[in-house]
Amino acid sequence: MLNSGEEMTEDGSGPGSSMRQALQAADPATLLLALVQISGERHWLEAAKPFIRGPMSYQETMPEPLRAQIRDRLAQVLGEAARSGKLAPRQADDALLREMMAVAAGEVVPDQYIAMMREDLTEDSLASRSLQWRAPPKPEALADTHVVIIGAGMSGLYAGIQLQQAGIPFVILEKNAAVGGTWYENVYPGCGVDTPNHFYSYAFEPNHDWSHFFAKRDELWNYFERVADKYDLRKHIRLGTEVIDARYDEASDRWRIAAQAADGTRQELSARVLVSAVGVLNRPKLPDIDGLPSFAGPAFHTARWDRDFDWRGKRVAMIGTGASGHQVGPSIASDVNRLTIFQRSPHWVVPNPNYHEGVSDGKKWALANIPFYLRWYRFQLFWGFADGLHEALKVDPDWPQPKRSLNALNEKHRLFMERHMRSELADRPDLLEKVIPDYPAYGKRILIDNHWFRMLTRPNVDLVTDPIDRIVPEGIRTADGKVWPADALVFATGFQVSKMLHPMSITGRDGRNLREFWGADDAKAYLGLTVPGFPNFFMLTGPNTGLAHGGNQIFMTECAVRHMMLCLRELVESGRRSIECRPEVYENYNREVDAMHARMVWTHKGMTNWYRNRNGRVFAITPWRLVEYWKMTSSFNPAEYQLR
Ligand code: NAP
């Protein structure tokens, strides 16, 4: 773990100076946690606690002498370890972990997190995170469990890696010409992640070299490309191959899969197990606006961005102000002649001081070399961008202002964001009136301020909130009769999420078709993963597994794949031919999901969002805290499944 030990000295001179510089650049609170983890010296927590108000680096205000003491002691501990050639971290007991998590988060963290954190601290390699067989599986049993994975994006690659680790044969069919899914497909200007990268990466495959805290598309895509190479997945991947149809053959208990290659030829495959890893945000939704085909210039969706389109000097009209539009607008505003943005409803937008920041070399070094630094940093991000926000999403039935917020914390977050908007647009009450949402914070996806408000104040940018009447050859006409001229149209209008797995046809036992079983827009699954009547079929990023308040979709996939692997272990070791969840387990789970969602922000009537269907049922995103999903997926209860 201490892989640069020979470079370290305690006094900051000579070869050890790289460590000194890194310690200066690293986050003091995270260093403190690494120090306590290594040394077991609890007293540092007491000293630092009053100065840590939250998990983000900018919420830590330790006085410099205390920071220096932490750095000195850590340098000493690491120096000693380097000299002796071994690092012997103390085993943190539950009490210490509880205390460390509370300091890391800047608030009390429930005991539920201890087991998850312990796992994250100890299982830092792929091998330790992989399936453990209870008895060595027979080679013919493994061969018989052949798996077809649909999609080579983030979750398909991960499923492939875990199957490979377990020795289960598999093939990945990918419709695109490359791996990487969403990060391959989206090339619009400004495309990037809004979950910090050191969290948004596989737990076993950290990238210490992210250039920014929030990296852009090329770097993300390269990460997944590298993973495909490093884990030797390419030999299993068939690119340019789109699955059209999959049917479960009860006579053989195998899936018959029909796919179409890029040249139109049809391929037939057979597999014991079918895994859908197709993602949910990849079938563009074009707006249903009269006159769309009449537009005279180029017109395209953000996810189908025309790489040859040169926006410089052009009049561009953009419809939609969600996460995609929010990244496109500020990226092109300074180059276009005019940018006209059509906003149907505003989003809540949060400032983040790190959003445009690069990661210093010292911090990269710390991430790569200081034991436990990355693990504790990830926990801080986990808290700040996911579970730490969960309380703000819950409806307090006694809250006196239910239209504008849900509870005291939700109101606090609202006021924080409102203050930011007011300070950014202090001189523009006309804009302020348009951009401050009237619904509670988190009802729609929260956006991180990408200099959006500054962009709106540019003289060449218009924010139009009048409803669109129709598209005309020369631009967009609004309901007041005004035509907004445009040379090009950009549709930042989102995706066809409600038709999950569309346009594939999946038919399970007894000829049960998944689309008919679900209905047009009401996808459900047990743990987002399995559906009764569809044996040996697993969905990754399935129903109710999306994250809407932040969070890290990779974490959700890691949990889902773990549970899938436990199901496959049961299948292989039992010598049976099929496994599927019991109907009552599926029903009960979805009842719990619905009951939980009824008390969460996403069912609030004050706004629309893409998480719920026509009947108001939230089908796309999870109501659970990540730790709860981790817990539910980390064990296997045979009583919940039927093996045949
Ligand atoms: P989106 O959040 O669904 O936003 C679509 C936008 O288009 C909304 O502003 C919507 O208005 C508007 N719109 C749709 N149809 C319209 C119409 N007929 N007339 C006028 N306006 C219309 O889509 P997205 O921005 O592509 O984002 C989808 C999801 O992808 C995000 O929520 C996020 O999960 C993910 N994403 C993430 C990132 C990132 O990590 N940075 C980047 C991009 C996307 P209404 O709100 O009124 O419906």
# chains A, B, ... in the order shown; residues from 1 in each chain; ligands from 1
>>> residues_around(residues="segment 437-444 of chain A", least_positions_apart="4", cutoff="8 Å", atoms="only C-alpha atoms", output="list in words")
Ser345, Pro346, His347, Trp348, Leu393, Lys403, Arg404, Ser405, Leu406, Asn410, Glu411, His413, Arg414, Ala548, His549, Val601, Trp602, His604, Gly606, Met607, Thr608 and Asn609 of chain A
>>> write_last_selection(atoms="N, CA, C and O atoms", output="PDB file, in the first residue's frame")
ATOM      1  N   SER A 345     -39.382  25.222 -17.430  1.00  0.00           N
ATOM      2  CA  SER A 345     -39.428  25.393 -15.971  1.00  0.00           C
ATOM      3  C   SER A 345     -37.993  25.429 -15.452  1.00  0.00           C
ATOM      4  O   SER A 345     -37.116  24.765 -16.002  1.00  0.00           O
ATOM      5  N   PRO A 346     -37.761  26.224 -14.408  1.00  0.00           N
ATOM      6  CA  PRO A 346     -36.379  26.370 -13.921  1.00  0.00           C
ATOM      7  C   PRO A 346     -35.937  25.205 -13.040  1.00  0.00           C
ATOM      8  O   PRO A 346     -36.776  24.479 -12.491  1.00  0.00           O
ATOM      9  N   HIS A 347     -34.649  25.033 -12.931  1.00  0.00           N
ATOM     10  CA  HIS A 347     -34.054  24.026 -12.039  1.00  0.00           C
ATOM     11  C   HIS A 347     -33.413  24.729 -10.850  1.00  0.00           C
ATOM     12  O   HIS A 347     -32.949  25.853 -10.966  1.00  0.00           O
ATOM     13  N   TRP A 348     -33.326  24.014  -9.749  1.00  0.00           N
ATOM     14  CA  TRP A 348     -32.507  24.504  -8.650  1.00  0.00           C
ATOM     15  C   TRP A 348     -31.041  24.280  -9.008  1.00  0.00           C
ATOM     16  O   TRP A 348     -30.695  23.232  -9.569  1.00  0.00           O
ATOM     17  N   LEU A 393     -34.629  15.409   1.576  1.00  0.00           N
ATOM     18  CA  LEU A 393     -35.559  14.976   0.530  1.00  0.00           C
ATOM     19  C   LEU A 393     -36.863  14.438   1.090  1.00  0.00           C
ATOM     20  O   LEU A 393     -37.752  14.058   0.344  1.00  0.00           O
ATOM     21  N   LYS A 403     -45.457  23.978   0.056  1.00  0.00           N
ATOM     22  CA  LYS A 403     -45.322  24.255  -1.379  1.00  0.00           C
ATOM     23  C   LYS A 403     -43.889  24.586  -1.756  1.00  0.00           C
ATOM     24  O   LYS A 403     -43.421  24.238  -2.834  1.00  0.00           O
ATOM     25  N   ARG A 404     -43.177  25.277  -0.872  1.00  0.00           N
ATOM     26  CA  ARG A 404     -41.843  25.755  -1.237  1.00  0.00           C
ATOM     27  C   ARG A 404     -40.715  24.860  -0.713  1.00  0.00           C
ATOM     28  O   ARG A 404     -39.601  24.873  -1.225  1.00  0.00           O
ATOM     29  N   SER A 405     -41.002  24.071   0.310  1.00  0.00           N
ATOM     30  CA  SER A 405     -39.954  23.194   0.839  1.00  0.00           C
ATOM     31  C   SER A 405     -40.604  22.045   1.605  1.00  0.00           C
ATOM     32  O   SER A 405     -41.816  22.036   1.805  1.00  0.00           O
ATOM     33  N   LEU A 406     -39.761  21.097   2.039  1.00  0.00           N
ATOM     34  CA  LEU A 406     -40.306  19.877   2.650  1.00  0.00           C
ATOM     35  C   LEU A 406     -40.107  19.805   4.145  1.00  0.00           C
ATOM     36  O   LEU A 406     -40.874  19.164   4.860  1.00  0.00           O
ATOM     37  N   ASN A 410     -34.480  21.072   4.070  1.00  0.00           N
ATOM     38  CA  ASN A 410     -34.786  21.357   2.673  1.00  0.00           C
ATOM     39  C   ASN A 410     -34.932  22.873   2.473  1.00  0.00           C
ATOM     40  O   ASN A 410     -34.443  23.440   1.486  1.00  0.00           O
ATOM     41  N   GLU A 411     -35.564  23.515   3.421  1.00  0.00           N
ATOM     42  CA  GLU A 411     -35.727  24.980   3.345  1.00  0.00           C
ATOM     43  C   GLU A 411     -34.349  25.665   3.404  1.00  0.00           C
ATOM     44  O   GLU A 411     -34.083  26.610   2.672  1.00  0.00           O
ATOM     45  N   HIS A 413     -31.480  24.433   2.432  1.00  0.00           N
ATOM     46  CA  HIS A 413     -30.805  24.254   1.138  1.00  0.00           C
ATOM     47  C   HIS A 413     -31.403  25.195   0.100  1.00  0.00           C
ATOM     48  O   HIS A 413     -30.703  25.764  -0.721  1.00  0.00           O
ATOM     49  N   ARG A 414     -32.733  25.328   0.143  1.00  0.00           N
ATOM     50  CA  ARG A 414     -33.392  26.237  -0.792  1.00  0.00           C
ATOM     51  C   ARG A 414     -32.841  27.663  -0.624  1.00  0.00           C
ATOM     52  O   ARG A 414     -32.488  28.329  -1.602  1.00  0.00           O
ATOM     53  N   ALA A 548     -31.255  10.745  -8.019  1.00  0.00           N
ATOM     54  CA  ALA A 548     -31.711  12.041  -8.516  1.00  0.00           C
ATOM     55  C   ALA A 548     -31.189  13.217  -7.711  1.00  0.00           C
ATOM     56  O   ALA A 548     -31.290  14.344  -8.141  1.00  0.00           O
ATOM     57  N   HIS A 549     -30.644  12.962  -6.544  1.00  0.00           N
ATOM     58  CA  HIS A 549     -30.223  14.094  -5.726  1.00  0.00           C
ATOM     59  C   HIS A 549     -28.714  14.246  -5.741  1.00  0.00           C
ATOM     60  O   HIS A 549     -28.167  15.139  -5.114  1.00  0.00           O
ATOM     61  N   VAL A 601     -39.444  13.848  -1.947  1.00  0.00           N
ATOM     62  CA  VAL A 601     -39.647  15.056  -2.744  1.00  0.00           C
ATOM     63  C   VAL A 601     -40.164  14.777  -4.157  1.00  0.00           C
ATOM     64  O   VAL A 601     -40.898  15.571  -4.731  1.00  0.00           O
ATOM     65  N   TRP A 602     -39.817  13.609  -4.723  1.00  0.00           N
ATOM     66  CA  TRP A 602     -40.090  13.419  -6.154  1.00  0.00           C
ATOM     67  C   TRP A 602     -41.552  13.176  -6.474  1.00  0.00           C
ATOM     68  O   TRP A 602     -41.929  13.147  -7.635  1.00  0.00           O
ATOM     69  N   HIS A 604     -43.779  15.184  -5.027  1.00  0.00           N
ATOM     70  CA  HIS A 604     -44.368  16.508  -4.773  1.00  0.00           C
ATOM     71  C   HIS A 604     -45.079  16.982  -6.041  1.00  0.00           C
ATOM     72  O   HIS A 604     -44.569  16.806  -7.145  1.00  0.00           O
ATOM     73  N   GLY A 606     -45.620  19.944  -7.073  1.00  0.00           N
ATOM     74  CA  GLY A 606     -45.266  21.280  -7.567  1.00  0.00           C
ATOM     75  C   GLY A 606     -44.414  21.346  -8.811  1.00  0.00           C
ATOM     76  O   GLY A 606     -44.118  22.440  -9.301  1.00  0.00           O
ATOM     77  N   MET A 607     -43.976  20.199  -9.322  1.00  0.00           N
ATOM     78  CA  MET A 607     -43.112  20.256 -10.516  1.00  0.00           C
ATOM     79  C   MET A 607     -43.250  18.959 -11.309  1.00  0.00           C
ATOM     80  O   MET A 607     -43.793  17.973 -10.812  1.00  0.00           O
ATOM     81  N   THR A 608     -42.758  18.987 -12.534  1.00  0.00           N
ATOM     82  CA  THR A 608     -42.667  17.754 -13.310  1.00  0.00           C
ATOM     83  C   THR A 608     -41.243  17.222 -13.154  1.00  0.00           C
ATOM     84  O   THR A 608     -40.343  17.966 -12.785  1.00  0.00           O
ATOM     85  N   ASN A 609     -41.049  15.958 -13.398  1.00  0.00           N
ATOM     86  CA  ASN A 609     -39.689  15.420 -13.509  1.00  0.00           C
ATOM     87  C   ASN A 609     -39.752  14.125 -14.315  1.00  0.00           C
ATOM     88  O   ASN A 609     -40.850  13.604 -14.560  1.00  0.00           O
TER      89      ASN A 609
END
>>> residues_near_ligand(ligand="ligand 1", cutoff="7 Å", atoms="only C-alpha atoms and all ligand atoms", output="VMD selection string")
chain A and resid 191 to 195 281 287 to 289 319 to 325 342 to 346 445 468 492 to 495 548 608 to 610
>>> write_last_selection(atoms="N, CA, C and O atoms", output="tab-separated table (two decimals), in the first residue's frame")
chain	number	residue	atom	x	y	z
A	191	CYS	N	-19.85	18.69	-22.09
A	191	CYS	CA	-20.34	17.44	-21.50
A	191	CYS	C	-19.38	16.93	-20.41
A	191	CYS	O	-18.17	16.85	-20.64
A	192	GLY	N	-19.93	16.63	-19.27
A	192	GLY	CA	-19.09	16.12	-18.19
A	192	GLY	C	-19.96	15.61	-17.06
A	192	GLY	O	-21.18	15.57	-17.17
A	193	VAL	N	-19.29	15.26	-15.98
A	193	VAL	CA	-20.00	14.64	-14.87
A	193	VAL	C	-20.32	15.70	-13.81
A	193	VAL	O	-19.61	16.70	-13.71
A	194	ASP	N	-21.39	15.50	-13.06
A	194	ASP	CA	-21.59	16.42	-11.95
A	194	ASP	C	-21.61	15.70	-10.60
A	194	ASP	O	-22.12	16.18	-9.62
A	195	THR	N	-21.01	14.50	-10.61
A	195	THR	CA	-20.67	13.81	-9.37
A	195	THR	C	-19.14	13.83	-9.35
A	195	THR	O	-18.53	13.56	-10.37
A	281	LEU	N	-30.62	6.65	-20.00
A	281	LEU	CA	-30.61	8.00	-20.57
A	281	LEU	C	-29.90	7.98	-21.92
A	281	LEU	O	-28.85	8.59	-22.10
A	287	PRO	N	-38.81	17.13	-28.75
A	287	PRO	CA	-40.06	17.76	-28.29
A	287	PRO	C	-41.16	17.62	-29.33
A	287	PRO	O	-40.88	17.60	-30.53
A	288	ASP	N	-42.35	17.52	-28.83
A	288	ASP	CA	-43.51	17.39	-29.71
A	288	ASP	C	-44.03	18.81	-30.00
A	288	ASP	O	-44.98	19.27	-29.40
A	289	ILE	N	-43.34	19.49	-30.92
A	289	ILE	CA	-43.69	20.89	-31.21
A	289	ILE	C	-44.06	20.98	-32.69
A	289	ILE	O	-43.32	20.47	-33.55
A	319	ILE	N	-33.60	24.50	-26.74
A	319	ILE	CA	-34.81	24.20	-25.95
A	319	ILE	C	-34.41	23.25	-24.83
A	319	ILE	O	-33.87	22.17	-25.08
A	320	GLY	N	-34.67	23.65	-23.60
A	320	GLY	CA	-34.38	22.77	-22.46
A	320	GLY	C	-33.25	23.31	-21.61
A	320	GLY	O	-32.22	23.76	-22.13
A	321	THR	N	-33.47	23.26	-20.29
A	321	THR	CA	-32.48	23.79	-19.35
A	321	THR	C	-32.19	22.79	-18.24
A	321	THR	O	-31.98	23.16	-17.09
A	322	GLY	N	-32.21	21.50	-18.58
A	322	GLY	CA	-31.83	20.46	-17.62
A	322	GLY	C	-30.31	20.32	-17.58
A	322	GLY	O	-29.57	21.23	-18.00
A	323	ALA	N	-29.84	19.17	-17.11
A	323	ALA	CA	-28.40	18.98	-16.92
A	323	ALA	C	-27.62	19.13	-18.23
A	323	ALA	O	-26.51	19.69	-18.24
A	324	SER	N	-28.19	18.66	-19.35
A	324	SER	CA	-27.46	18.76	-20.62
A	324	SER	C	-27.42	20.21	-21.10
A	324	SER	O	-26.36	20.74	-21.44
A	325	GLY	N	-28.58	20.86	-21.12
A	325	GLY	CA	-28.63	22.26	-21.56
A	325	GLY	C	-27.74	23.14	-20.70
A	325	GLY	O	-27.08	24.06	-21.18
A	342	PHE	N	-34.76	28.48	-24.41
A	342	PHE	CA	-36.19	28.34	-24.09
A	342	PHE	C	-36.32	27.48	-22.84
A	342	PHE	O	-35.97	26.30	-22.85
A	343	GLN	N	-36.77	28.13	-21.79
A	343	GLN	CA	-36.91	27.44	-20.50
A	343	GLN	C	-38.39	27.23	-20.19
A	343	GLN	O	-39.16	28.19	-20.13
A	344	ARG	N	-38.77	25.96	-20.02
A	344	ARG	CA	-40.17	25.70	-19.67
A	344	ARG	C	-40.35	25.79	-18.16
A	344	ARG	O	-41.32	26.32	-17.67
A	345	SER	N	-39.38	25.22	-17.43
A	345	SER	CA	-39.43	25.39	-15.97
A	345	SER	C	-37.99	25.43	-15.45
A	345	SER	O	-37.12	24.77	-16.00
A	346	PRO	N	-37.76	26.22	-14.41
A	346	PRO	CA	-36.38	26.37	-13.92
A	346	PRO	C	-35.94	25.20	-13.04
A	346	PRO	O	-36.78	24.48	-12.49
A	445	ARG	N	-33.76	17.29	-10.90
A	445	ARG	CA	-32.33	17.10	-10.70
A	445	ARG	C	-31.65	18.44	-10.35
A	445	ARG	O	-31.81	19.42	-11.07
A	468	ILE	N	-43.56	27.96	-26.19
A	468	ILE	CA	-43.30	27.85	-27.63
A	468	ILE	C	-44.62	27.53	-28.33
A	468	ILE	O	-45.36	26.64	-27.90
A	492	ALA	N	-32.20	20.18	-26.01
A	492	ALA	CA	-31.65	19.63	-24.74
A	492	ALA	C	-32.84	19.13	-23.95
A	492	ALA	O	-33.06	19.50	-22.80
A	493	THR	N	-33.63	18.28	-24.59
A	493	THR	CA	-34.97	17.95	-24.09
A	493	THR	C	-35.06	16.58	-23.41
A	493	THR	O	-36.17	16.07	-23.21
A	494	GLY	N	-33.94	15.98	-23.10
A	494	GLY	CA	-33.98	14.77	-22.28
A	494	GLY	C	-34.21	13.49	-23.07
A	494	GLY	O	-34.05	13.45	-24.29
A	495	PHE	N	-34.62	12.45	-22.32
A	495	PHE	CA	-34.62	11.09	-22.88
A	495	PHE	C	-35.96	10.39	-22.66
A	495	PHE	O	-36.73	10.76	-21.78
A	548	ALA	N	-31.26	10.74	-8.02
A	548	ALA	CA	-31.71	12.04	-8.52
A	548	ALA	C	-31.19	13.22	-7.71
A	548	ALA	O	-31.29	14.34	-8.14
A	608	THR	N	-42.76	18.99	-12.53
A	608	THR	CA	-42.67	17.75	-13.31
A	608	THR	C	-41.24	17.22	-13.15
A	608	THR	O	-40.34	17.97	-12.78
A	609	ASN	N	-41.05	15.96	-13.40
A	609	ASN	CA	-39.69	15.42	-13.51
A	609	ASN	C	-39.75	14.13	-14.31
A	609	ASN	O	-40.85	13.60	-14.56
A	610	TRP	N	-38.60	13.65	-14.73
A	610	TRP	CA	-38.60	12.44	-15.58
A	610	TRP	C	-38.58	11.14	-14.76
A	610	TRP	O	-38.44	10.06	-15.31
>>> closest_atom_pairs(of="segment 114-196 of chain A", to="segment 521-536 of chain A", cutoff="12 Å", atoms="only C-alpha atoms", output="CSV")
residue,atom,partner,partner_atom,distance
A:Thr145,CA,A:Asn536,CA,9.7
A:His146,CA,A:Asn536,CA,10.8
A:Val147,CA,A:Asn536,CA,9.3
A:Val148,CA,A:Asn536,CA,10.7
A:Ile149,CA,A:Asn536,CA,11.9
>>> residues_around(residues="Leu220 of chain A", least_positions_apart="3", cutoff="10 Å", atoms="only C-alpha atoms", output="ChimeraX atom specification")
/A:180,182-184,192-193,197,200-201,210,214-217,223-226
>>> residues_around(residues="Leu31 of chain A", least_positions_apart="3", cutoff="10 Å", atoms="only C-alpha atoms", output="PyMOL selection string")
chain A and resi 23-24+26-28+34-37+67+70-71+74+366+370-374+376-377
>>> write_last_selection(atoms="C-alpha atoms", output="tab-separated table (two decimals), in the first residue's frame")
chain	number	residue	atom	x	y	z
A	23	LEU	CA	0.66	16.95	2.36
A	24	GLN	CA	0.46	20.71	1.90
A	26	ALA	CA	-4.04	17.57	0.33
A	27	ASP	CA	-7.27	18.23	2.23
A	28	PRO	CA	-6.43	18.61	5.94
A	34	ALA	CA	-5.83	8.87	7.18
A	35	LEU	CA	-3.59	9.63	10.16
A	36	VAL	CA	-6.12	8.31	12.68
A	37	GLN	CA	-6.77	5.23	10.55
A	67	ARG	CA	-3.09	21.41	10.24
A	70	ILE	CA	-1.39	16.74	11.53
A	71	ARG	CA	0.90	16.93	8.52
A	74	LEU	CA	1.51	11.92	9.34
A	366	ALA	CA	-1.75	12.11	-1.88
A	370	ILE	CA	-1.15	8.12	1.32
A	371	PRO	CA	-2.78	5.01	2.69
A	372	PHE	CA	-6.52	5.38	3.29
A	373	TYR	CA	-6.55	8.94	2.00
A	374	LEU	CA	-8.60	8.01	-1.08
A	376	TRP	CA	-11.79	8.51	3.39
A	377	TYR	CA	-12.02	11.10	0.64
>>> select_by_dssp(residues="segment 306-504 of chain A", states="strand (DSSP E or B)", output="compact mmCIF listing (two decimals) with N, CA, C and O atoms, in the first residue's frame")
# COMPACT_ATOMS: atom_id res chain seq x y z
N ARG A 315 -26.60 32.04 -34.86
CA ARG A 315 -27.71 32.26 -33.91
C ARG A 315 -28.25 30.87 -33.54
O ARG A 315 -28.77 30.16 -34.42
N VAL A 316 -28.04 30.50 -32.29
CA VAL A 316 -28.44 29.15 -31.86
C VAL A 316 -29.63 29.27 -30.90
O VAL A 316 -29.60 30.09 -29.97
N ALA A 317 -30.63 28.45 -31.14
CA ALA A 317 -31.76 28.39 -30.19
C ALA A 317 -31.68 27.04 -29.49
O ALA A 317 -31.51 26.00 -30.14
N MET A 318 -31.77 27.06 -28.17
CA MET A 318 -31.69 25.81 -27.40
C MET A 318 -32.97 25.64 -26.58
O MET A 318 -33.34 26.54 -25.82
N ILE A 319 -33.60 24.50 -26.74
CA ILE A 319 -34.81 24.20 -25.95
C ILE A 319 -34.41 23.25 -24.83
O ILE A 319 -33.87 22.17 -25.08
N ARG A 338 -25.75 34.69 -31.24
CA ARG A 338 -26.87 34.87 -30.31
C ARG A 338 -27.28 33.49 -29.79
O ARG A 338 -27.35 32.52 -30.56
N LEU A 339 -27.53 33.42 -28.51
CA LEU A 339 -28.03 32.16 -27.93
C LEU A 339 -29.40 32.45 -27.31
O LEU A 339 -29.51 33.28 -26.40
N THR A 340 -30.41 31.80 -27.84
CA THR A 340 -31.76 31.99 -27.31
C THR A 340 -32.16 30.70 -26.60
O THR A 340 -32.23 29.63 -27.22
N ILE A 341 -32.37 30.81 -25.29
CA ILE A 341 -32.64 29.62 -24.48
C ILE A 341 -34.12 29.60 -24.10
O ILE A 341 -34.64 30.58 -23.56
N PHE A 342 -34.76 28.48 -24.41
CA PHE A 342 -36.19 28.34 -24.09
C PHE A 342 -36.32 27.48 -22.84
O PHE A 342 -35.97 26.30 -22.85
N VAL A 349 -30.23 25.27 -8.69
CA VAL A 349 -28.82 25.23 -9.08
C VAL A 349 -27.96 25.55 -7.86
O VAL A 349 -28.21 26.54 -7.17
N VAL A 350 -26.98 24.72 -7.62
CA VAL A 350 -26.14 24.89 -6.43
C VAL A 350 -24.73 25.30 -6.84
O VAL A 350 -24.22 24.81 -7.85
N GLY A 358 -9.08 22.31 -11.18
CA GLY A 358 -8.21 21.18 -11.49
C GLY A 358 -7.69 20.56 -10.20
O GLY A 358 -7.70 21.19 -9.15
N LYS A 394 -36.93 14.37 2.42
CA LYS A 394 -38.09 13.72 3.05
C LYS A 394 -39.14 14.74 3.49
O LYS A 394 -38.80 15.76 4.10
N LEU A 447 -28.73 21.03 -10.28
CA LEU A 447 -27.61 21.27 -11.20
C LEU A 447 -26.52 22.00 -10.45
O LEU A 447 -26.79 22.77 -9.53
N ILE A 448 -25.28 21.77 -10.87
CA ILE A 448 -24.18 22.53 -10.27
C ILE A 448 -23.92 23.73 -11.18
O ILE A 448 -23.84 23.58 -12.42
N VAL A 461 -27.30 36.76 -25.02
CA VAL A 461 -28.09 35.60 -24.56
C VAL A 461 -29.50 36.05 -24.14
O VAL A 461 -29.65 37.05 -23.43
N ASP A 462 -30.50 35.32 -24.60
CA ASP A 462 -31.89 35.58 -24.18
C ASP A 462 -32.41 34.35 -23.44
O ASP A 462 -32.18 33.22 -23.88
N LEU A 463 -33.12 34.59 -22.36
CA LEU A 463 -33.82 33.49 -21.68
C LEU A 463 -35.32 33.70 -21.91
O LEU A 463 -35.90 34.66 -21.40
N VAL A 464 -35.90 32.82 -22.69
CA VAL A 464 -37.30 32.97 -23.08
C VAL A 464 -38.16 32.01 -22.27
O VAL A 464 -37.89 30.80 -22.26
N ILE A 468 -43.56 27.96 -26.19
CA ILE A 468 -43.30 27.85 -27.63
C ILE A 468 -44.62 27.53 -28.33
O ILE A 468 -45.36 26.64 -27.90
N ASP A 469 -44.88 28.26 -29.41
CA ASP A 469 -46.09 27.99 -30.19
C ASP A 469 -45.77 26.99 -31.29
O ASP A 469 -46.39 25.93 -31.41
N ARG A 470 -44.77 27.30 -32.11
CA ARG A 470 -44.38 26.36 -33.15
C ARG A 470 -42.97 26.70 -33.65
O ARG A 470 -42.45 27.79 -33.41
N ILE A 471 -42.41 25.74 -34.35
CA ILE A 471 -41.11 25.97 -34.99
C ILE A 471 -41.41 26.38 -36.43
O ILE A 471 -42.26 25.79 -37.10
N VAL A 472 -40.73 27.42 -36.87
CA VAL A 472 -40.93 27.93 -38.23
C VAL A 472 -39.59 27.81 -38.95
O VAL A 472 -38.55 27.60 -38.31
N GLY A 475 -36.88 29.99 -37.36
CA GLY A 475 -36.62 30.01 -35.93
C GLY A 475 -37.76 29.43 -35.11
O GLY A 475 -38.42 28.48 -35.52
N ILE A 476 -38.00 30.04 -33.95
CA ILE A 476 -39.04 29.54 -33.03
C ILE A 476 -40.03 30.67 -32.74
O ILE A 476 -39.62 31.78 -32.39
N ARG A 477 -41.31 30.34 -32.88
CA ARG A 477 -42.33 31.34 -32.58
C ARG A 477 -42.93 31.04 -31.22
O ARG A 477 -43.32 29.90 -30.94
N THR A 478 -43.02 32.06 -30.38
CA THR A 478 -43.61 31.87 -29.06
C THR A 478 -45.09 32.27 -29.09
O THR A 478 -45.55 32.89 -30.06
N VAL A 483 -41.24 35.87 -33.26
CA VAL A 483 -40.37 34.84 -33.84
C VAL A 483 -38.93 35.13 -33.39
O VAL A 483 -38.42 36.23 -33.56
N TRP A 484 -38.31 34.09 -32.81
CA TRP A 484 -36.93 34.20 -32.35
C TRP A 484 -36.06 33.55 -33.42
O TRP A 484 -36.06 32.33 -33.57
N PRO A 485 -35.34 34.38 -34.20
CA PRO A 485 -34.63 33.82 -35.33
C PRO A 485 -33.48 32.90 -34.90
O PRO A 485 -32.83 33.14 -33.87
N ALA A 488 -29.61 27.54 -36.07
CA ALA A 488 -29.55 26.13 -35.67
C ALA A 488 -30.39 25.93 -34.41
O ALA A 488 -30.52 26.84 -33.59
N LEU A 489 -30.93 24.72 -34.26
CA LEU A 489 -31.72 24.37 -33.07
C LEU A 489 -31.03 23.24 -32.30
O LEU A 489 -30.61 22.25 -32.90
N VAL A 490 -30.95 23.42 -31.00
CA VAL A 490 -30.41 22.35 -30.15
C VAL A 490 -31.54 21.90 -29.21
O VAL A 490 -32.14 22.72 -28.52
N PHE A 491 -31.81 20.60 -29.22
CA PHE A 491 -32.83 20.06 -28.33
C PHE A 491 -32.14 19.45 -27.11
O PHE A 491 -31.53 18.38 -27.21
N PHE A 495 -34.62 12.45 -22.32
CA PHE A 495 -34.62 11.09 -22.88
C PHE A 495 -35.96 10.39 -22.66
O PHE A 495 -36.73 10.76 -21.78
>>> atom_distance(atom1="atom CA of Ser505 of chain A", atom2="atom CA of Asp245 of chain A")
4.7 Å
>>> closest_residue(among="A:Asn369, A:Ser84, A:Gly616, A:Met564", to="Asp209 of chain A", atoms="only C-alpha atoms")
A:Asn369
>>> atom_distance(atom1="atom CA of Trp365 of chain A", atom2="atom CA of Ala68 of chain A")
18.2 Å
